[in-house]
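Chemist: Got query_37.tsv for you, TSV, C-alpha atoms and all ligand atoms:
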chain	number	residue	atom	x	y	z
A	1	MET	CA	69.29	19.72	-105.90
A	2	ARG	CA	65.65	20.52	-105.42
A	3	VAL	CA	64.86	24.22	-105.34
A	4	GLU	CA	61.48	25.46	-104.27
A	5	PRO	CA	59.92	28.73	-105.41
A	6	ASP	CA	60.28	30.04	-101.90
A	7	ASP	CA	63.98	29.45	-102.14
A	8	CYS	CA	64.15	31.62	-105.22
A	9	GLN	CA	62.14	34.23	-103.45
A	10	ALA	CA	64.40	34.09	-100.46
A	11	VAL	CA	67.36	34.78	-102.69
A	12	ALA	CA	65.62	37.39	-104.78
A	13	MET	CA	64.25	39.30	-101.86
A	14	ALA	CA	67.32	39.29	-99.75
A	15	SER	CA	68.25	42.75	-98.71
A	16	ASP	CA	70.21	42.71	-95.52
A	17	GLY	CA	70.40	41.57	-91.95
A	18	ALA	CA	70.14	38.44	-89.96
A	19	SER	CA	66.56	37.58	-90.83
A	20	ASP	CA	67.44	37.38	-94.49
A	21	ARG	CA	70.43	35.30	-93.74
A	22	ARG	CA	68.19	32.77	-92.07
A	23	ARG	CA	66.07	32.59	-95.17
A	24	LEU	CA	69.13	32.24	-97.32
A	25	ASP	CA	70.42	29.51	-95.10
A	26	THR	CA	67.21	27.70	-95.79
A	27	ALA	CA	67.61	28.20	-99.50
A	28	VAL	CA	71.18	27.07	-99.59
A	29	ALA	CA	70.76	24.21	-97.19
A	30	THR	CA	67.65	22.78	-98.79
A	31	GLN	CA	69.49	19.82	-100.19
A	32	ASN	CA	71.92	19.11	-97.40
A	33	GLU	CA	73.65	20.85	-94.57
A	34	GLN	CA	76.57	22.00	-96.55
A	35	ARG	CA	77.17	25.14	-98.46
A	36	VAL	CA	79.20	25.38	-101.54
A	37	VAL	CA	82.09	27.70	-101.45
A	38	VAL	CA	82.87	29.25	-104.75
A	39	ALA	CA	85.44	31.85	-104.20
A	40	SER	CA	87.99	33.82	-106.04
A	41	ALA	CA	89.76	36.90	-104.91
A	42	GLN	CA	89.94	38.04	-108.49
A	43	ARG	CA	86.28	37.56	-109.17
A	44	GLY	CA	84.80	39.52	-106.37
A	45	PRO	CA	82.62	38.42	-103.54
A	46	GLY	CA	82.15	34.80	-104.39
A	47	CYS	CA	82.84	33.44	-100.95
A	48	ILE	CA	80.51	32.83	-98.09
A	49	GLN	CA	81.04	35.55	-95.62
A	50	ARG	CA	78.16	37.83	-95.00
A	51	ALA	CA	74.59	37.99	-96.12
A	52	ASP	CA	75.41	39.24	-99.60
A	53	GLN	CA	77.91	36.48	-100.08
A	54	HIS	CA	75.41	33.91	-98.96
A	55	ILE	CA	73.41	35.15	-101.87
A	56	GLU	CA	76.38	34.68	-104.16
A	57	VAL	CA	76.72	31.15	-102.92
A	58	ALA	CA	73.04	30.51	-103.28
A	59	TYR	CA	73.31	31.62	-106.88
A	60	ALA	CA	76.28	29.40	-107.43
A	61	VAL	CA	74.55	26.41	-105.94
A	62	LEU	CA	71.52	26.96	-108.07
A	63	VAL	CA	73.49	27.54	-111.23
A	64	LEU	CA	75.73	24.57	-110.63
A	65	SER	CA	72.80	22.33	-109.91
A	66	GLY	CA	71.20	23.25	-113.20
A	67	THR	CA	68.43	25.26	-111.65
A	68	GLY	CA	69.75	28.64	-112.59
A	69	VAL	CA	66.92	29.08	-115.06
A	70	GLY	CA	64.41	28.37	-112.33
A	71	LEU	CA	66.02	30.95	-110.17
A	72	HIS	CA	65.99	33.42	-113.03
A	73	ASP	CA	62.36	32.74	-113.73
A	74	GLY	CA	61.43	33.07	-110.11
A	75	ALA	CA	63.22	36.36	-109.89
A	76	SER	CA	61.81	37.65	-113.13
A	77	ARG	CA	58.32	37.39	-111.83
A	78	ARG	CA	59.41	39.96	-109.31
A	79	GLY	CA	61.12	42.19	-111.80
A	80	GLU	CA	61.64	45.04	-109.43
A	81	GLN	CA	63.61	42.75	-107.17
A	82	ARG	CA	66.05	41.52	-109.75
A	83	ALA	CA	68.56	44.25	-109.14
A	84	GLN	CA	67.86	45.05	-105.56
A	85	PRO	CA	70.74	46.57	-103.70
A	86	VAL	CA	72.08	44.14	-101.16
A	87	ARG	CA	73.81	45.66	-98.22
A	88	THR	CA	77.20	44.24	-97.52
A	89	LEU	CA	77.44	43.54	-93.84
A	90	GLY	CA	80.65	44.88	-92.49
A	91	GLN	CA	81.14	47.29	-95.36
A	92	GLN	CA	77.88	49.22	-95.42
A	93	LYS	CA	78.04	49.45	-99.19
A	94	PRO	CA	75.14	48.39	-101.33
A	95	VAL	CA	76.02	45.72	-103.81
A	96	HIS	CA	73.75	45.31	-106.80
A	97	THR	CA	72.84	41.82	-107.72
A	98	ASP	CA	71.44	40.79	-111.02
A	99	ILE	CA	70.00	37.38	-110.51
A	100	GLY	CA	70.28	35.11	-113.46
A	101	VAL	CA	72.24	36.98	-116.09
A	102	ARG	CA	75.35	37.75	-114.09
A	103	GLU	CA	75.40	34.43	-112.36
A	104	ARG	CA	74.91	32.49	-115.53
A	105	ARG	CA	77.79	34.39	-117.01
A	106	ARG	CA	79.81	33.56	-113.93
A	107	ALA	CA	78.86	29.89	-114.20
A	108	ALA	CA	81.09	29.59	-117.23
A	109	ILE	CA	84.13	30.60	-115.22
A	110	LEU	CA	83.35	29.11	-111.84
A	111	PRO	CA	86.40	27.81	-110.03
A	112	PRO	CA	86.39	24.36	-108.41
A	113	VAL	CA	83.65	23.77	-105.88
A	114	ILE	CA	84.65	22.88	-102.35
A	115	ASN	CA	82.19	21.83	-99.72
A	116	VAL	CA	82.65	23.38	-96.33
A	117	PRO	CA	80.22	22.23	-93.66
A	118	THR	CA	77.88	24.90	-92.37
A	119	ALA	CA	79.04	24.54	-88.79
A	120	VAL	CA	82.65	25.11	-89.84
A	121	LEU	CA	81.80	28.44	-91.40
A	122	ASP	CA	79.61	29.38	-88.47
A	123	SER	CA	82.46	28.56	-86.13
A	124	LEU	CA	84.93	30.54	-88.21
A	125	TYR	CA	82.67	33.59	-88.24
A	126	GLY	CA	82.02	33.29	-84.53
A	127	LEU	CA	85.75	33.10	-83.97
A	128	ALA	CA	86.30	36.19	-86.11
A	129	PHE	CA	83.58	38.14	-84.32
A	130	GLY	CA	85.05	37.20	-80.96
A	131	ASP	CA	88.57	38.05	-82.04
A	132	ALA	CA	87.64	41.40	-83.58
A	133	PHE	CA	85.39	42.36	-80.66
A	134	GLY	CA	87.83	41.23	-77.99
A	135	ASP	CA	90.82	42.87	-79.62
A	136	ARG	CA	89.16	46.28	-79.36
A	137	TRP	CA	89.21	46.13	-75.57
A	138	PHE	CA	92.96	46.16	-75.15
A	139	GLY	CA	93.00	49.77	-76.28
A	140	ILE	CA	89.74	50.79	-74.64
A	141	LEU	CA	90.72	49.42	-71.23
A	142	ARG	CA	94.17	50.96	-71.46
A	143	ARG	CA	92.81	54.32	-72.59
A	144	ASP	CA	89.54	54.68	-70.71
A	145	GLY	CA	89.53	52.10	-67.95
A	146	PRO	CA	86.78	49.54	-67.36
A	147	ALA	CA	83.73	51.87	-67.41
A	148	GLY	CA	82.80	51.03	-71.00
A	149	LEU	CA	83.15	47.33	-70.35
A	150	GLU	CA	81.00	47.48	-67.25
A	151	ALA	CA	78.34	49.49	-69.10
A	152	ARG	CA	78.63	47.20	-72.13
A	153	THR	CA	79.24	50.11	-74.44
A	154	LEU	CA	80.13	48.84	-77.89
A	155	PRO	CA	83.66	49.64	-79.07
A	156	PRO	CA	83.45	52.97	-80.89
A	157	GLU	CA	85.70	52.14	-83.83
A	158	PRO	CA	83.75	51.85	-87.09
A	159	LEU	CA	85.84	48.84	-88.12
A	160	TRP	CA	86.64	46.00	-85.74
A	161	ARG	CA	89.76	44.56	-87.27
A	162	TRP	CA	90.43	40.93	-86.49
A	163	SER	CA	93.87	39.67	-85.53
A	164	ASP	CA	96.15	36.64	-85.90
A	165	ASP	CA	93.55	34.36	-84.34
A	166	THR	CA	91.27	34.81	-87.32
A	167	ALA	CA	94.08	35.01	-89.86
A	168	GLN	CA	95.33	31.59	-88.79
A	169	ALA	CA	91.85	30.08	-88.45
A	170	LEU	CA	91.17	31.11	-92.01
A	171	VAL	CA	94.38	29.43	-93.11
A	172	LEU	CA	93.41	26.27	-91.25
A	173	VAL	CA	89.94	26.14	-92.81
A	174	ARG	CA	91.53	26.54	-96.22
A	175	GLU	CA	93.88	23.70	-95.42
A	176	LEU	CA	90.98	21.49	-94.35
A	177	ALA	CA	89.03	22.40	-97.46
A	178	GLU	CA	91.93	21.44	-99.68
A	179	GLY	CA	92.84	18.33	-97.73
A	180	GLY	CA	89.31	17.05	-97.30
A	181	GLY	CA	89.59	17.56	-93.56
A	182	VAL	CA	93.08	16.11	-93.22
A	183	VAL	CA	95.91	18.40	-92.16
A	184	ASP	CA	99.07	18.19	-94.24
A	185	GLN	CA	101.54	19.63	-91.75
A	186	ASP	CA	104.17	20.66	-94.28
A	187	ARG	CA	101.62	22.45	-96.41
A	188	LEU	CA	99.95	24.05	-93.38
A	189	ALA	CA	103.28	25.36	-92.10
A	190	GLN	CA	103.89	27.00	-95.46
A	191	ARG	CA	100.38	28.42	-95.46
A	192	PHE	CA	100.88	29.98	-92.02
A	193	ALA	CA	104.18	31.45	-93.10
A	194	ALA	CA	102.69	32.83	-96.31
A	195	ALA	CA	99.74	34.39	-94.47
A	196	TYR	CA	102.16	35.98	-92.05
A	197	ALA	CA	104.32	37.34	-94.86
A	198	ASP	CA	101.23	38.76	-96.55
A	199	ASP	CA	100.21	40.70	-93.45
A	200	THR	CA	102.52	40.80	-90.46
A	201	HIS	CA	100.42	43.39	-88.64
A	202	ARG	CA	97.82	41.11	-87.16
A	203	GLY	CA	99.06	41.06	-83.60
A	204	TYR	CA	101.11	37.87	-83.83
A	205	GLY	CA	102.74	36.75	-80.61
A	206	ALA	CA	106.36	37.67	-80.17
A	207	SER	CA	107.72	34.18	-80.76
A	208	MET	CA	105.53	33.61	-83.82
A	209	HIS	CA	107.23	36.42	-85.71
A	210	ASP	CA	110.46	34.48	-85.49
A	211	VAL	CA	108.88	31.09	-86.14
A	212	LEU	CA	106.90	32.14	-89.19
A	213	ARG	CA	109.71	34.18	-90.70
A	214	ARG	CA	112.08	31.24	-90.44
A	215	ILE	CA	109.61	28.75	-91.85
A	216	GLY	CA	108.95	31.17	-94.68
A	217	ALA	CA	112.68	31.37	-95.29
A	218	GLY	CA	112.83	27.62	-95.80
A	219	GLU	CA	113.85	26.21	-92.43
A	220	PRO	CA	112.12	22.92	-91.51
A	221	TRP	CA	109.11	23.75	-89.32
A	222	GLN	CA	109.81	20.81	-87.01
A	223	GLU	CA	113.21	22.20	-86.06
A	224	VAL	CA	112.03	25.77	-85.79
A	225	VAL	CA	109.11	25.09	-83.44
A	226	ALA	CA	110.99	22.51	-81.35
A	227	GLY	CA	113.81	24.97	-80.77
A	228	GLN	CA	111.64	27.66	-79.22
A	229	PHE	CA	112.06	28.57	-75.56
A	230	GLY	CA	115.23	26.60	-74.94
A	231	GLY	CA	113.89	23.45	-76.56
A	232	GLN	CA	110.55	23.29	-74.76
A	233	GLY	CA	108.61	24.84	-77.57
A	234	SER	CA	105.92	27.45	-77.22
A	235	TRP	CA	103.00	26.73	-74.92
A	236	GLY	CA	101.17	29.83	-76.07
A	237	ASN	CA	97.64	30.05	-77.36
A	238	GLY	CA	98.30	30.03	-81.07
A	239	ALA	CA	97.40	26.39	-81.57
A	240	ALA	CA	94.16	26.71	-79.60
A	241	MET	CA	92.94	30.07	-80.83
A	242	ARG	CA	92.42	28.78	-84.38
A	243	ALA	CA	91.18	25.26	-83.63
A	244	ALA	CA	87.40	25.59	-83.21
A	245	PRO	CA	86.42	25.33	-86.90
A	246	LEU	CA	88.44	22.12	-87.16
A	247	GLY	CA	86.36	20.65	-84.36
A	248	ALA	CA	83.21	21.61	-86.20
A	249	TRP	CA	84.58	19.99	-89.34
A	250	HIS	CA	85.19	16.60	-87.72
A	251	SER	CA	82.33	16.70	-85.23
A	252	ALA	CA	81.06	13.29	-86.28
A	253	ASP	CA	84.33	11.66	-85.21
A	254	LEU	CA	85.84	12.88	-81.94
A	255	ASP	CA	88.96	10.77	-82.44
A	256	ALA	CA	89.56	12.58	-85.70
A	257	VAL	CA	88.95	15.90	-83.94
A	258	ALA	CA	91.68	15.17	-81.42
A	259	GLU	CA	94.10	13.79	-83.99
A	260	GLN	CA	93.74	16.61	-86.51
A	261	ALA	CA	93.69	19.31	-83.84
A	262	ALA	CA	96.98	18.00	-82.50
A	263	ARG	CA	98.45	17.79	-86.00
A	264	GLN	CA	97.63	21.40	-86.78
A	265	GLY	CA	98.80	22.54	-83.36
A	266	ALA	CA	102.22	20.90	-83.63
A	267	VAL	CA	103.01	22.92	-86.72
A	268	SER	CA	103.56	26.03	-84.63
A	269	HIS	CA	103.59	24.88	-81.00
A	270	HIS	CA	105.84	22.11	-79.78
A	271	HIS	CA	104.88	22.14	-76.11
A	272	PRO	CA	102.28	19.45	-75.27
A	273	GLU	CA	100.19	21.87	-73.21
A	274	ALA	CA	99.72	24.11	-76.24
A	275	VAL	CA	98.73	21.12	-78.35
A	276	THR	CA	96.34	19.85	-75.68
A	277	GLY	CA	94.79	23.30	-75.51
A	278	ALA	CA	94.07	23.07	-79.22
A	279	VAL	CA	92.56	19.61	-78.79
A	280	ALA	CA	90.36	20.87	-75.98
A	281	VAL	CA	89.02	23.76	-78.04
A	282	ALA	CA	88.40	21.56	-81.06
A	283	LEU	CA	86.59	18.97	-78.94
A	284	ALA	CA	84.41	21.67	-77.44
A	285	ALA	CA	83.52	22.99	-80.87
A	286	ALA	CA	82.77	19.45	-82.04
A	287	LEU	CA	80.45	18.85	-79.10
A	288	ALA	CA	78.76	22.20	-79.71
A	289	THR	CA	78.27	21.22	-83.33
A	290	ARG	CA	76.83	17.85	-82.38
A	291	SER	CA	74.31	19.61	-80.13
A	292	ARG	CA	72.81	21.64	-82.98
A	293	GLY	CA	69.08	21.23	-83.18
A	294	GLY	CA	68.77	19.98	-79.61
A	295	HIS	CA	69.07	21.32	-76.11
A	296	ALA	CA	72.39	22.78	-75.07
A	297	PRO	CA	74.31	20.50	-72.73
A	298	ALA	CA	74.66	21.66	-69.14
A	299	ARG	CA	77.91	23.48	-68.50
A	300	PRO	CA	79.44	20.87	-66.15
A	301	ASP	CA	78.52	18.00	-68.48
A	302	PHE	CA	79.89	19.79	-71.50
A	303	LEU	CA	83.21	20.60	-69.86
A	304	GLN	CA	83.51	17.14	-68.38
A	305	ALA	CA	82.96	15.61	-71.81
A	306	VAL	CA	85.85	17.71	-73.13
A	307	ALA	CA	88.12	16.80	-70.21
A	308	GLU	CA	87.45	13.09	-70.58
A	309	ARG	CA	89.11	13.05	-73.96
A	310	LEU	CA	92.21	15.03	-73.02
A	311	PRO	CA	95.56	13.57	-72.01
A	312	ASP	CA	96.87	14.19	-68.51
A	313	SER	CA	97.87	17.84	-68.55
A	314	ASP	CA	97.44	21.21	-66.89
A	315	VAL	CA	94.84	22.04	-69.52
A	316	ARG	CA	92.80	18.99	-68.52
A	317	SER	CA	93.12	19.89	-64.84
A	318	GLY	CA	91.89	23.38	-65.61
A	319	VAL	CA	88.91	22.15	-67.61
A	320	ARG	CA	88.01	19.79	-64.77
A	321	VAL	CA	88.17	22.63	-62.26
A	322	ALA	CA	85.98	24.68	-64.58
A	323	ALA	CA	83.48	21.82	-64.78
A	324	ARG	CA	83.17	21.70	-61.00
A	325	MET	CA	82.57	25.40	-60.50
A	326	PRO	CA	79.17	26.18	-59.00
A	327	GLU	CA	76.58	27.63	-61.34
A	328	HIS	CA	76.61	31.02	-59.63
A	329	THR	CA	80.38	31.47	-60.03
A	330	SER	CA	81.18	35.02	-61.10
A	331	VAL	CA	83.25	35.69	-64.17
A	332	ARG	CA	85.77	37.53	-62.04
A	333	HIS	CA	86.25	34.49	-59.81
A	334	ALA	CA	86.43	32.11	-62.77
A	335	ALA	CA	89.05	34.29	-64.42
A	336	GLU	CA	91.12	34.46	-61.24
A	337	VAL	CA	90.96	30.74	-60.55
A	338	LEU	CA	91.34	29.43	-64.09
A	339	GLY	CA	93.41	32.27	-65.53
A	340	SER	CA	92.13	34.34	-68.43
A	341	GLY	CA	95.31	34.41	-70.45
A	342	TYR	CA	97.54	36.87	-68.64
A	343	ARG	CA	100.29	34.26	-68.84
A	344	MET	CA	99.60	33.76	-72.53
A	345	SER	CA	99.62	29.99	-72.20
A	346	GLY	CA	97.20	27.20	-73.05
A	347	PRO	CA	96.57	26.13	-69.45
A	348	ASP	CA	96.07	29.75	-68.42
A	349	THR	CA	93.61	30.51	-71.21
A	350	VAL	CA	91.71	27.54	-72.61
A	351	PRO	CA	89.84	26.37	-69.47
A	352	TYR	CA	88.51	29.89	-68.87
A	353	ALA	CA	87.44	30.41	-72.49
A	354	LEU	CA	85.67	27.05	-72.53
A	355	TRP	CA	83.98	27.81	-69.21
A	356	CYS	CA	82.61	31.00	-70.75
A	357	ALA	CA	81.45	29.21	-73.89
A	358	ALA	CA	79.92	26.30	-72.00
A	359	GLY	CA	77.71	28.64	-70.00
A	360	HIS	CA	76.26	30.37	-73.07
A	361	LEU	CA	75.93	27.76	-75.75
A	362	ASP	CA	72.68	29.33	-76.90
A	363	ASP	CA	73.74	32.96	-76.84
A	364	LEU	CA	76.87	34.09	-78.67
A	365	HIS	CA	76.29	37.74	-77.85
A	366	GLU	CA	76.00	37.17	-74.10
A	367	GLY	CA	78.85	34.67	-74.22
A	368	LEU	CA	81.25	37.18	-75.75
A	369	TRP	CA	80.33	39.94	-73.31
A	370	LEU	CA	80.91	37.50	-70.49
A	371	THR	CA	84.24	36.36	-71.90
A	372	VAL	CA	85.62	39.84	-72.37
A	373	ALA	CA	84.72	40.69	-68.78
A	374	GLY	CA	87.43	38.29	-67.62
A	375	ARG	CA	90.05	40.51	-69.28
A	376	GLY	CA	93.41	38.81	-69.89
A	377	ASP	CA	94.24	37.67	-73.45
A	378	ILE	CA	90.90	39.05	-74.60
A	379	ASP	CA	91.05	38.60	-78.34
A	380	THR	CA	91.99	34.96	-77.94
A	381	THR	CA	89.57	34.08	-75.15
A	382	CYS	CA	86.79	35.66	-77.20
A	383	ALA	CA	87.97	33.95	-80.39
A	384	ILE	CA	87.87	30.58	-78.65
A	385	ALA	CA	84.50	31.16	-77.01
A	386	GLY	CA	83.07	32.61	-80.20
A	387	GLY	CA	84.29	29.72	-82.32
A	388	VAL	CA	82.80	27.17	-79.93
A	389	ILE	CA	79.42	28.83	-79.38
A	390	ALA	CA	78.89	29.75	-83.02
A	391	ALA	CA	79.53	26.15	-84.06
A	392	ARG	CA	76.13	25.57	-82.47
A	393	THR	CA	74.33	28.90	-82.95
A	394	GLY	CA	75.83	30.55	-86.00
A	395	VAL	CA	76.29	34.32	-85.91
A	396	ALA	CA	73.03	35.57	-87.35
A	397	ALA	CA	71.62	36.56	-83.96
A	398	LEU	CA	74.42	39.00	-83.22
A	399	PRO	CA	73.16	42.60	-83.32
A	400	PRO	CA	73.35	44.41	-86.67
A	401	ALA	CA	75.91	46.82	-85.23
A	402	TRP	CA	78.29	43.91	-84.76
A	403	HIS	CA	77.80	42.74	-88.32
A	404	ALA	CA	78.34	46.27	-89.56
A	405	ALA	CA	81.56	46.76	-87.61
A	406	CYS	CA	83.38	43.46	-87.93
A	407	GLU	CA	86.03	43.35	-90.63
A	408	PRO	CA	84.89	41.04	-93.43
A	409	LEU	CA	86.78	37.84	-94.07
A	410	PRO	CA	88.56	37.32	-97.37
A	411	PRO	CA	87.45	34.43	-99.57
A	412	ILE	CA	87.76	30.98	-98.08
A	413	VAL	CA	89.30	29.69	-101.28
A	414	THR	CA	91.71	31.68	-103.39
A	415	GLU	CA	93.57	30.85	-106.52
A	501	MG	MG	95.20	37.91	-81.69
What do you get writing this file as structure tokens?

Modeler:
Amino acid sequence: MRVEPDDCQAVAMASDGASDRRRLDTAVATQNEQRVVVASAQRGPGCIQRADQHIEVAYAVLVLSGTGVGLHDGASRRGEQRAQPVRTLGQQKPVHTDIGVRERRRAAILPPVINVPTAVLDSLYGLAFGDAFGDRWFGILRRDGPAGLEARTLPPEPLWRWSDDTAQALVLVRELAEGGGVVDQDRLAQRFAAAYADDTHRGYGASMHDVLRRIGAGEPWQEVVAGQFGGQGSWGNGAAMRAAPLGAWHSADLDAVAEQAARQGAVSHHHPEAVTGAVAVALAAALATRSRGGHAPARPDFLQAVAERLPDSDVRSGVRVAARMPEHTSVRHAAEVLGSGYRMSGPDTVPYALWCAAGHLDDLHEGLWLTVAGRGDIDTTCAIAGGVIAARTGVAALPPAWHAACEPLPPIVTE
């Protein structure tokens, strides 16, 4: 890995906020477009998550690539910056970094290195932001009515806790990281069940409590999910809400996107509409990823490209309807026609969420405000839209208040 002095400076001078993240992205991505995830729950903030953790990763990359000394030297020339407090986005606590010494000590105990493509992490963070932001509005709308939504007043809670959408997306990214992008359904089922057992209070859907408990108790996942709803299986949103990062992962191969999205979806949702919803979301995220660095596709073209790769289904019909909607269509009308998740099903949710994302592929912030305005299954519509848009844009442009409020993600890789 080639590291330029400016890269060292970018790391050394990082303090907080989106602008620094951009510089860190440059530092980390100098060699290729992947970041290295070095994470351990026991060893503190070693994962990529927020600006401070990008720094951790940058250190790890530099140390692992044998350029730790260069980094140390670069930092030493700016002695006063060596132990600069780095604000932890989402926690508001300064974290002191000691470039060189601490990281070289850590290098001796670094866990295995796993490459996670940049767009995958961007998509995961976008999904988490959407989920955490959207989830707030259930309570606000119930308590205060729509005034805050119409005025675009930020949710007042200091911590925007994310829900099952993010919990399961995190599990899926871990599965992809371990499997090199290939979903092992048996292992993934166990991972979902374990994540559920670790924290059941993440707003899981009613049927998922039963499904994940039984899988965790040792019942074969195939039988459990196929037996739901009188043998039809669930056609809820669980398979789709977590699928965007997978699309980003396989963006170079849309056949692989569809295949792996379906494989992960079938682990919890037997109904073909639920699985197709997951494929649609993953395809959209893949197309968003492929558009990075170029112009955003027009909304109708983008949605049509998703629909073309879907099997005959209600989800495909919905995406096609969304693709044909006139440009001036209001969010209220789109939500009424397409459904914004009130029925808690793939066909009733995915086309609307993708319509929202497709209209704001260059603006995650605007896209999430638009999505939430359609009400319905808000955390999931926002998680889907956020995961798709951020696969193209990343999350750095979101306002600092969002970064400060959103609950941080745990490490991508744990031991
Ligand atoms: Mg949720």

Chemist: Which neighbours of Leu370 in chain A fall inside 7 Å, counting only C-alpha atoms, when residues of the same chain fewer than 4 positions from it are skipped, and could you give them as a count of residues only?

Modeler: 3

Chemist: Can you work out which one of A:Ile389, A:Met344, A:Leu364, A:Ala373 has the shortest atom-to-atom distance to ligand MG 501 (chain A), counting all atoms listed in the file?

Modeler: A:Met344

Chemist: When you count only C-alpha atoms and all ligand atoms, which of these residues is closest to ligand MG 501 (chain A): A:Asp377, A:Asp198, A:Glu308, A:Asp363?

Modeler: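 When distances to ligand MG 501 (chain A) are compared using only C-alpha atoms and all ligand atoms, the smallest one comes from A:Asp377.
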
Chemist: Counting all atoms listed in the file, what residues are within 10 Å of ligand MG 501 (chain A), given as a ChimeraX atom specification?

Modeler: /A:131-132,134-135,162-168,202-205,237-238,241-242,377-383

Chemist: What lies within 12 Å of range 338-340 of chain A using all atoms listed in the file, ignoring chain neighbours under 6 positions off, as number ranges by chain?

Modeler: A: 237, 314-325, 329-332, 346-356, 370-382, 384-385

Chemist: Hey, could you make a per-residue contact list for range 255-365 of chain A against range 212-227 of chain A with 7 Å as the cut-off, showing the nearest pair of atoms and its distance in Å to one decimal, counting all atoms listed in the file, sorted by chain and number, as a Markdown table?

Modeler:
| residue | atom | partner | partner_atom | distance |
| --- | --- | --- | --- | --- |
| A:Val267 | CA | A:Trp221 | CA | 6.7 |
| A:Ser268 | CA | A:Val225 | CA | 5.8 |
| A:His269 | CA | A:Val225 | CA | 6.0 |
| A:His270 | CA | A:Ala226 | CA | 5.4 |

Chemist: Using CA of Leu188 in chain A and CA of Gln260 in chain A as the two end points, give the distance in Å to one decimal.

Modeler: 11.9 Å

Chemist: Which distance in Å separates CA of Leu409 in chain A and CA of Pro158 in chain A, to one decimal?

Modeler: 15.9 Å

Chemist: How many Å lie between CA of Tyr342 in chain A and CA of Ala128 in chain A, rounded to one decimal?

Modeler: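 If I compute the distance from CA of Tyr342 in chain A to CA of Ala128 in chain A, I get 20.8 Å.
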
Chemist: Any idea what's packed within 7 Å of Ala285 in chain A, counting all atoms listed in the file, ignoring anything in its chain fewer than 6 positions away? Could you give it as a list of chain:residue names?

Modeler: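 Skipping anything fewer than 6 positions along the chain leaves A:Ala244, A:Gly247, A:Ala248, A:Gly387, A:Val388, A:Ala391.
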
Chemist: When distances are computed from only C-alpha atoms, which of A:Phe302, A:Phe229, A:Trp402, A:Trp249 shows the smallest separation from Gly181 in chain A?

Modeler: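 Distance minimum relative to Gly181 in chain A lands on A:Trp249.
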
Chemist: Quick one: everything within 7 Å of Glu407 in chain A, counting all atoms listed in the file, minus sequence neighbours fewer than 6 positions away in the same chain. Send it as a VMD selection string.

Modeler: chain A and resid 90 159 to 162

Chemist: For each of A:Leu154, A:Ala256, A:Val182, A:Ile140, take the minimum atom-to-atom distance to Trp369 in chain A, counting all atoms listed in the file, then give the residue where this is smallest.

Modeler: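 Selected residue with least distance to Trp369 in chain A: A:Leu154.
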
Chemist: With distances taken over all atoms listed in the file, which of A:Tyr125, A:Arg292, A:Asp210, A:Glu150 is nearest to Trp137 in chain A?

Modeler: A:Glu150

Chemist: Quick one: of A:Leu141, A:Asp362, A:Ser345, A:Gln264, who's nearest to Thr153 in chain A, counting only C-alpha atoms?

Modeler: A:Leu141

Chemist: Show me, as lines of an AutoDock Vina configuration file, the centre and edge lengths in Å to one decimal of the axis-aligned box that covers every listed atom of range 368-386 of chain A with 8 Å on each side.

Modeler:
center_x = 87.3
center_y = 35.6
center_z = -74.0
size_x = 29.9
size_y = 26.1
size_z = 28.8

Chemist: So that I can check the surroundings of Arg290 in chain A, please list as a PyMOL selection string every protein, DNA and RNA residue that reaches within 8 Å of it, counting all atoms listed in the file and ignoring chain neighbours fewer than 2 positions away.

Modeler: chain A and resi 251-252+286-288+292+392

Chemist: Could you rebuild range 330-338 of chain A with N, CA and C atoms and give me the result as a short mmCIF file (atom, residue, chain, number, x, y, z; two decimals), in the coordinates of the input?

Modeler:
data_model
loop_
_atom_site.label_atom_id
_atom_site.label_comp_id
_atom_site.auth_asym_id
_atom_site.auth_seq_id
_atom_site.Cartn_x
_atom_site.Cartn_y
_atom_site.Cartn_z
N SER A 330 81.06 33.77 -60.34
CA SER A 330 81.18 35.02 -61.10
C SER A 330 82.31 34.90 -62.11
N VAL A 331 82.21 35.72 -63.14
CA VAL A 331 83.25 35.69 -64.17
C VAL A 331 84.59 36.14 -63.58
N ARG A 332 84.53 37.06 -62.66
CA ARG A 332 85.77 37.53 -62.04
C ARG A 332 86.47 36.38 -61.29
N HIS A 333 85.68 35.62 -60.56
CA HIS A 333 86.25 34.49 -59.81
C HIS A 333 86.77 33.42 -60.78
N ALA A 334 86.00 33.13 -61.79
CA ALA A 334 86.43 32.11 -62.77
C ALA A 334 87.74 32.53 -63.42
N ALA A 335 87.83 33.81 -63.77
CA ALA A 335 89.05 34.29 -64.42
C ALA A 335 90.24 34.21 -63.47
N GLU A 336 90.01 34.51 -62.20
CA GLU A 336 91.12 34.46 -61.24
C GLU A 336 91.57 33.02 -60.98
N VAL A 337 90.62 32.13 -60.87
CA VAL A 337 90.96 30.74 -60.55
C VAL A 337 91.56 30.02 -61.76
N LEU A 338 90.91 30.18 -62.89
CA LEU A 338 91.34 29.43 -64.09
C LEU A 338 92.45 30.15 -64.83
#
